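One structure is given here, and the rest of the page talks about it.
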Amino acid sequence: MKAYYHARAREYDDWWLGDGLYADRDRPGWDEARTELASWIRDLPAAKTLDVACGTGFLTQHLRGEITGFDQSEAMLEVAAEQVPDATFVQGDALDLPFADGEFDRLFTSYFYCHLEAGDRERFLDGARRVARELVVVGSRRRGDERLERWEDRHLKDGTTWQVFKRVFVPADLARELGGRVAHENDWFVLAVAP
């Protein structure tokens, strides 16, 4: 997984924007839902926020306050620093957060929690709750009868194929799993908040 996201850094935002390999995908209402997601993030109160697995900073750029982006991939962090020049960026392992207890008001994460298998989920949540008072998780909302958990083949422009574990969420189930609430949901995304 780490090697895949490192290799994908310069084309990751194509997924969000429907460009490149994603240009032919049929995603009705995607652009509107993505714009709405950005608005939800901008509407979060300004806070000292740790964005875990910030990737390219595509969503990080909408956070307000003192922002620290954290990712395992140097290539992702290079792109993020270009997109969000006022943030601080730190490289490291999201399952072993190198921050002090209570160092942040909020831990924000998007499209990371959905890639964690059971044991890693508990480990991540323990670390998240240790370093921040609030947890905000963004993920994909389950559409139709798609499987909630699965392994997917992911293709990159260089012709490589990678196997990636992926979860999608029923919003109320995600909130219950985190011990929080659904703050926002639309046809494509869910944003859950937990103390």
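Chains: A, B, ... in order of the structure tokens. Residues: from 1 per chain. Ligands: from 1, in order shown.
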
So which residues touch Gly20 of chain A within 12 Å, counting only C-alpha atoms, skipping near sequence neighbours fewer than 5 positions away, as a PDB file with N, CA and C atoms, in the first residue's frame?
```
ATOM      1  N   ARG A  10       2.018  11.830  -8.210  1.00  0.00           N
ATOM      2  CA  ARG A  10       1.813  12.866  -9.228  1.00  0.00           C
ATOM      3  C   ARG A  10       0.536  12.673 -10.033  1.00  0.00           C
ATOM      4  N   GLU A  11      -0.152  11.550  -9.858  1.00  0.00           N
ATOM      5  CA  GLU A  11      -1.416  11.354 -10.570  1.00  0.00           C
ATOM      6  C   GLU A  11      -2.601  11.156  -9.628  1.00  0.00           C
ATOM      7  N   TYR A  12      -2.365  11.289  -8.320  1.00  0.00           N
ATOM      8  CA  TYR A  12      -3.435  11.039  -7.354  1.00  0.00           C
ATOM      9  C   TYR A  12      -4.628  11.978  -7.544  1.00  0.00           C
ATOM     10  N   ASP A  13      -4.372  13.248  -7.752  1.00  0.00           N
ATOM     11  CA  ASP A  13      -5.472  14.203  -7.874  1.00  0.00           C
ATOM     12  C   ASP A  13      -6.336  13.956  -9.108  1.00  0.00           C
ATOM     13  N   ASP A  14      -5.832  13.198 -10.057  1.00  0.00           N
ATOM     14  CA  ASP A  14      -6.659  12.828 -11.219  1.00  0.00           C
ATOM     15  C   ASP A  14      -7.943  12.139 -10.777  1.00  0.00           C
ATOM     16  N   TRP A  15      -7.859  11.326  -9.721  1.00  0.00           N
ATOM     17  CA  TRP A  15      -9.047  10.629  -9.211  1.00  0.00           C
ATOM     18  C   TRP A  15     -10.092  11.646  -8.748  1.00  0.00           C
ATOM     19  N   ARG A  25     -14.709   7.548 -16.378  1.00  0.00           N
ATOM     20  CA  ARG A  25     -15.567   6.965 -15.346  1.00  0.00           C
ATOM     21  C   ARG A  25     -16.917   7.672 -15.324  1.00  0.00           C
ATOM     22  N   HIS A 155      -4.657   0.658 -11.221  1.00  0.00           N
ATOM     23  CA  HIS A 155      -3.720   0.807 -12.336  1.00  0.00           C
ATOM     24  C   HIS A 155      -3.133   2.213 -12.335  1.00  0.00           C
ATOM     25  N   LEU A 156      -1.868   2.305 -12.662  1.00  0.00           N
ATOM     26  CA  LEU A 156      -1.203   3.597 -12.775  1.00  0.00           C
ATOM     27  C   LEU A 156      -0.803   3.851 -14.222  1.00  0.00           C
ATOM     28  N   LYS A 157      -0.515   5.103 -14.526  1.00  0.00           N
ATOM     29  CA  LYS A 157      -0.160   5.489 -15.893  1.00  0.00           C
ATOM     30  C   LYS A 157       1.085   4.772 -16.410  1.00  0.00           C
ATOM     31  N   ASP A 158       1.945   4.321 -15.490  1.00  0.00           N
ATOM     32  CA  ASP A 158       3.155   3.623 -15.930  1.00  0.00           C
ATOM     33  C   ASP A 158       2.887   2.161 -16.305  1.00  0.00           C
TER      34      ASP A 158
END
```

Excluding Arg142 of chain A and residues on its chain fewer than 3 positions from it, collect all residues at most 12 Å away from it, counting only C-alpha atoms, and give them as a VMD selection string.
-> chain A and resid 114 139 145 to 149 166 to 174 185 to 190

Give me, please, the distance in Å between atom CA of Thr56 of chain A and atom CA of Asp120 of chain A, quoted to one decimal.
-> 22.5 Å

Counting only C-alpha atoms, what is within 10 Å of segment 92-109 of chain A, bar same-chain residues fewer than 4 positions away, as number ranges by chain?
-> A: 2, 41, 45-55, 59-60, 63, 66-74, 113-114, 116, 120-139, 191, 193-195

Between atom CA of Gln91 of chain A and atom CA of Arg64 of chain A lies a distance of 20.8 Å

Residues at most 9 Å from Tyr4 of chain A, counting only C-alpha atoms, excluding those fewer than 5 positions away in the same chain, as a PyMOL selection string?
-> chain A and resi 9+154+156+161-164

Go ahead and save the picked residues with N, CA and C atoms, as a tab-separated table (two decimals), in the first residue's frame.
```tsv
chain	number	residue	atom	x	y	z
A	9	ALA	N	1.73	9.44	-6.49
A	9	ALA	CA	1.68	10.82	-6.01
A	9	ALA	C	1.33	11.85	-7.08
A	154	ARG	N	-5.67	-1.64	-8.81
A	154	ARG	CA	-5.50	-0.24	-9.14
A	154	ARG	C	-4.40	-0.12	-10.20
A	156	LEU	N	-1.87	2.31	-12.66
A	156	LEU	CA	-1.20	3.60	-12.78
A	156	LEU	C	-0.80	3.85	-14.22
A	161	THR	N	0.06	-2.47	-11.98
A	161	THR	CA	-1.20	-2.77	-11.31
A	161	THR	C	-0.88	-3.13	-9.86
A	162	TRP	N	-1.66	-2.60	-8.96
A	162	TRP	CA	-1.46	-2.80	-7.52
A	162	TRP	C	-2.74	-3.32	-6.90
A	163	GLN	N	-2.63	-4.19	-5.90
A	163	GLN	CA	-3.79	-4.66	-5.14
A	163	GLN	C	-3.92	-3.81	-3.88
A	164	VAL	N	-5.12	-3.24	-3.66
A	164	VAL	CA	-5.34	-2.32	-2.55
A	164	VAL	C	-6.61	-2.75	-1.80
```

DSSP alpha helix (DSSP H) residues within chain A, as a PyMOL selection string | chain A and resi 2-8+12-17+30-43+74-83+118-131+171-178

Write out the residues from the selection above, keeping C-alpha atoms, as a PDB file, in the first residue's frame.
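Contents of again-v9.pdb, freshly written:
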```pdb
ATOM      1  CA  LYS A   2       2.757   2.466   0.925  1.00  0.00           C
ATOM      2  CA  ALA A   3       4.670   1.828  -2.302  1.00  0.00           C
ATOM      3  CA  TYR A   4       1.476   2.209  -4.345  1.00  0.00           C
ATOM      4  CA  TYR A   5       0.624   5.636  -2.945  1.00  0.00           C
ATOM      5  CA  HIS A   6       4.213   6.785  -3.284  1.00  0.00           C
ATOM      6  CA  ALA A   7       4.177   5.747  -6.963  1.00  0.00           C
ATOM      7  CA  ARG A   8       0.787   7.415  -7.462  1.00  0.00           C
ATOM      8  CA  TYR A  12      -3.435  11.039  -7.354  1.00  0.00           C
ATOM      9  CA  ASP A  13      -5.472  14.203  -7.874  1.00  0.00           C
ATOM     10  CA  ASP A  14      -6.659  12.828 -11.219  1.00  0.00           C
ATOM     11  CA  TRP A  15      -9.047  10.629  -9.211  1.00  0.00           C
ATOM     12  CA  TRP A  16     -10.578  13.662  -7.504  1.00  0.00           C
ATOM     13  CA  LEU A  17     -10.762  15.702 -10.710  1.00  0.00           C
ATOM     14  CA  TRP A  30     -19.369  13.564  -8.528  1.00  0.00           C
ATOM     15  CA  ASP A  31     -18.203  17.135  -9.186  1.00  0.00           C
ATOM     16  CA  GLU A  32     -21.049  18.618  -7.156  1.00  0.00           C
ATOM     17  CA  ALA A  33     -20.491  16.142  -4.310  1.00  0.00           C
ATOM     18  CA  ARG A  34     -16.744  16.876  -4.293  1.00  0.00           C
ATOM     19  CA  THR A  35     -17.448  20.623  -4.136  1.00  0.00           C
ATOM     20  CA  GLU A  36     -19.857  20.009  -1.267  1.00  0.00           C
ATOM     21  CA  LEU A  37     -17.201  17.951   0.552  1.00  0.00           C
ATOM     22  CA  ALA A  38     -14.705  20.803   0.214  1.00  0.00           C
ATOM     23  CA  SER A  39     -17.313  23.152   1.698  1.00  0.00           C
ATOM     24  CA  TRP A  40     -17.914  20.831   4.685  1.00  0.00           C
ATOM     25  CA  ILE A  41     -14.185  20.831   5.374  1.00  0.00           C
ATOM     26  CA  ARG A  42     -13.913  24.631   5.084  1.00  0.00           C
ATOM     27  CA  ASP A  43     -16.841  24.918   7.506  1.00  0.00           C
ATOM     28  CA  GLU A  74       7.943  11.852   0.452  1.00  0.00           C
ATOM     29  CA  ALA A  75       6.533  12.160  -3.084  1.00  0.00           C
ATOM     30  CA  MET A  76       3.031  12.891  -1.746  1.00  0.00           C
ATOM     31  CA  LEU A  77       4.405  15.459   0.697  1.00  0.00           C
ATOM     32  CA  GLU A  78       6.258  17.252  -2.109  1.00  0.00           C
ATOM     33  CA  VAL A  79       2.971  17.734  -3.969  1.00  0.00           C
ATOM     34  CA  ALA A  80       1.158  18.710  -0.750  1.00  0.00           C
ATOM     35  CA  ALA A  81       3.759  21.383   0.042  1.00  0.00           C
ATOM     36  CA  GLU A  82       3.129  22.893  -3.399  1.00  0.00           C
ATOM     37  CA  GLN A  83      -0.665  22.931  -2.871  1.00  0.00           C
ATOM     38  CA  ALA A 118      -9.212  -4.601  11.444  1.00  0.00           C
ATOM     39  CA  GLY A 119      -6.051  -4.724  13.591  1.00  0.00           C
ATOM     40  CA  ASP A 120      -4.605  -1.593  12.029  1.00  0.00           C
ATOM     41  CA  ARG A 121      -7.895   0.271  12.508  1.00  0.00           C
ATOM     42  CA  GLU A 122      -7.750  -0.201  16.288  1.00  0.00           C
ATOM     43  CA  ARG A 123      -4.086   0.783  16.373  1.00  0.00           C
ATOM     44  CA  PHE A 124      -4.763   3.924  14.333  1.00  0.00           C
ATOM     45  CA  LEU A 125      -7.759   4.958  16.464  1.00  0.00           C
ATOM     46  CA  ASP A 126      -5.749   4.524  19.670  1.00  0.00           C
ATOM     47  CA  GLY A 127      -3.018   6.791  18.277  1.00  0.00           C
ATOM     48  CA  ALA A 128      -5.521   9.320  16.938  1.00  0.00           C
ATOM     49  CA  ARG A 129      -7.277   9.611  20.282  1.00  0.00           C
ATOM     50  CA  ARG A 130      -3.942   9.971  22.041  1.00  0.00           C
ATOM     51  CA  VAL A 131      -2.738  12.972  19.992  1.00  0.00           C
ATOM     52  CA  PRO A 171     -22.633   6.524   7.230  1.00  0.00           C
ATOM     53  CA  ALA A 172     -24.351   5.482  10.480  1.00  0.00           C
ATOM     54  CA  ASP A 173     -22.121   2.401  10.729  1.00  0.00           C
ATOM     55  CA  LEU A 174     -18.964   4.490  10.356  1.00  0.00           C
ATOM     56  CA  ALA A 175     -20.149   6.893  13.056  1.00  0.00           C
ATOM     57  CA  ARG A 176     -20.931   3.996  15.393  1.00  0.00           C
ATOM     58  CA  GLU A 177     -17.525   2.397  14.706  1.00  0.00           C
ATOM     59  CA  LEU A 178     -15.772   5.659  15.597  1.00  0.00           C
TER      60      LEU A 178
END
```

From segment 46-174 of chain A, collect each residue whose DSSP state is strand (DSSP E) and return the set as a PyMOL selection string.
-> chain A and resi 49-52+67-71+88-91+104-110+132-140+149-155+161-167

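Atom CA of His184 of chain A lies 28.5 Å from atom CA of Leu21 of chain A.
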